[in-house]
Amino acid sequence: MPEFTKLFKKKKDTSQSNEDTIEYSMTARHGKSMDVVDKDGIRQVAGCLPIDPIHKRFLLVSSSSNPGIWVIPKGGWETNETQKQAAMRETWEEAGVKGTITRHIGIFAEKSRTGVKAHHWIYEMEIKEVTKKFPEQKKRDRRWFSYEEAMVAVKAPYIHDALSMSSLSPLVHPTSIKDKKKKKRNKKKKEESEKKESDLESDATEDKKKKKKRKNKKKEKKDSIEQDTHTVAPIITNDETTKQSVQSLDQQLDQTHLTLPIVTPSENKPN
């Protein structure tokens with residue numbers, strides 16, 4: 001069984017009137033001897049549609065006689081209680097839920113082959129606490145349902161009608177349609193914003209590439225000018241071998257120096 005108790009904190013509500021309060025007993029009432037019937041002898045039943053308004057979901061229970069069928073917590077309205085008290089008591093006994101009744105959804109007829117079997121007074125309850133232990137915990141399962149899931153899981157026509165008239169129904173509440181349109185607009189704005197950011201990032205990357213390309217061109221041009229104006233500077237070295245070679249060359253020039261004979265004018269005179 002899912003852990004329901006951790007989802008809701010216990011809060012003491014002092015704003016409720018006596019009509020909206022009950023005693024949470026661990027012993028469920030049995031028998032139909034005290035059930036209220038109308039002038040036609042039709043049994044009057046009270047129950048709640050427990051709602052988690054934060055997560056937008058219902059808490060349904062399995063039928064005690066047909067475990068595979070999901071229903072709302074409900075039962076006979078007894079003579080010593082009001083419709084609201086009966087609905088709250090049944091919700092506590094069958095689902096282990098404590099909460100606040102927010103509105104009366106309506107009175108729905110449960111029909112059989114022979115006619116109307118019961119009239120169901122169904123209220124919407126905002127869940128305040130889901131307890132781990134409750135009177136019928138061994139007889140029933142509990143499960144969360146979204147609106148769409150509940151409409152598929154529930155078989156009884158009158159419960160279908162109650163679900164469709166609840167605050168979570170998108171069918172009869174214009175605010176739900178407005179919320180969808182608003183969500184669609186916000187999604188479109190988000191997509192446009194993301195596209196704009198993507199385009200800006202793309203433009204920035206392109207600018208970086210262009211700047212890098214211009215920088216490389218300037219560098220290439222500078223290198224080309226330096227190569228054209230390059231001059232070879234004399235090589236100055238302190239290498240000892242080079243010094244010795246230069247000295248040896250000087251000595252050889254001194255040894256091979258030729259002295260030309262001096263020719264006087266008298267020697268050149270013709271006979």
# chains A, B, ... in the order shown; residues from 1 in each chain; ligands from 1
call {"tool": "select_by_dssp", "arguments": {"residues": "segment 35-142 of chain A", "states": "alpha helix (DSSP H)", "output": "ChimeraX atom specification"}}
result
/A:83-95
call {"tool": "residues_around", "arguments": {"residues": "Glu93 of chain A", "least_positions_apart": "3", "cutoff": "6 Å", "atoms": "only C-alpha atoms", "output": "number ranges by chain"}}
result
A: 28, 90, 96, 135-136
call {"tool": "write_last_selection", "arguments": {"atoms": "N, CA, C and O atoms", "output": "short mmCIF file (atom, residue, chain, number, x, y, z; two decimals), in the first residue's frame"}}
result
data_model
loop_
_atom_site.label_atom_id
_atom_site.label_comp_id
_atom_site.auth_asym_id
_atom_site.auth_seq_id
_atom_site.Cartn_x
_atom_site.Cartn_y
_atom_site.Cartn_z
N ALA A 28 -16.19 0.99 12.88
CA ALA A 28 -17.14 1.42 11.84
C ALA A 28 -18.55 1.05 12.23
O ALA A 28 -18.80 0.02 12.87
N GLU A 90 -18.21 8.45 6.70
CA GLU A 90 -17.96 7.38 5.74
C GLU A 90 -16.58 7.52 5.09
O GLU A 90 -15.90 6.52 4.83
N GLY A 96 -9.87 6.46 5.51
CA GLY A 96 -8.88 6.97 6.47
C GLY A 96 -8.49 8.40 6.20
O GLY A 96 -7.36 8.81 6.47
N PRO A 135 -10.73 2.36 10.20
CA PRO A 135 -11.62 1.23 10.50
C PRO A 135 -11.66 0.13 9.44
O PRO A 135 -11.68 -1.05 9.78
N GLU A 136 -11.71 0.48 8.14
CA GLU A 136 -11.87 -0.54 7.11
C GLU A 136 -10.59 -0.78 6.30
O GLU A 136 -10.64 -1.15 5.13
#
call {"tool": "atom_distance", "arguments": {"atom1": "atom CA of Arg140 of chain A", "atom2": "atom CA of Ser64 of chain A"}}
result
6.0 Å
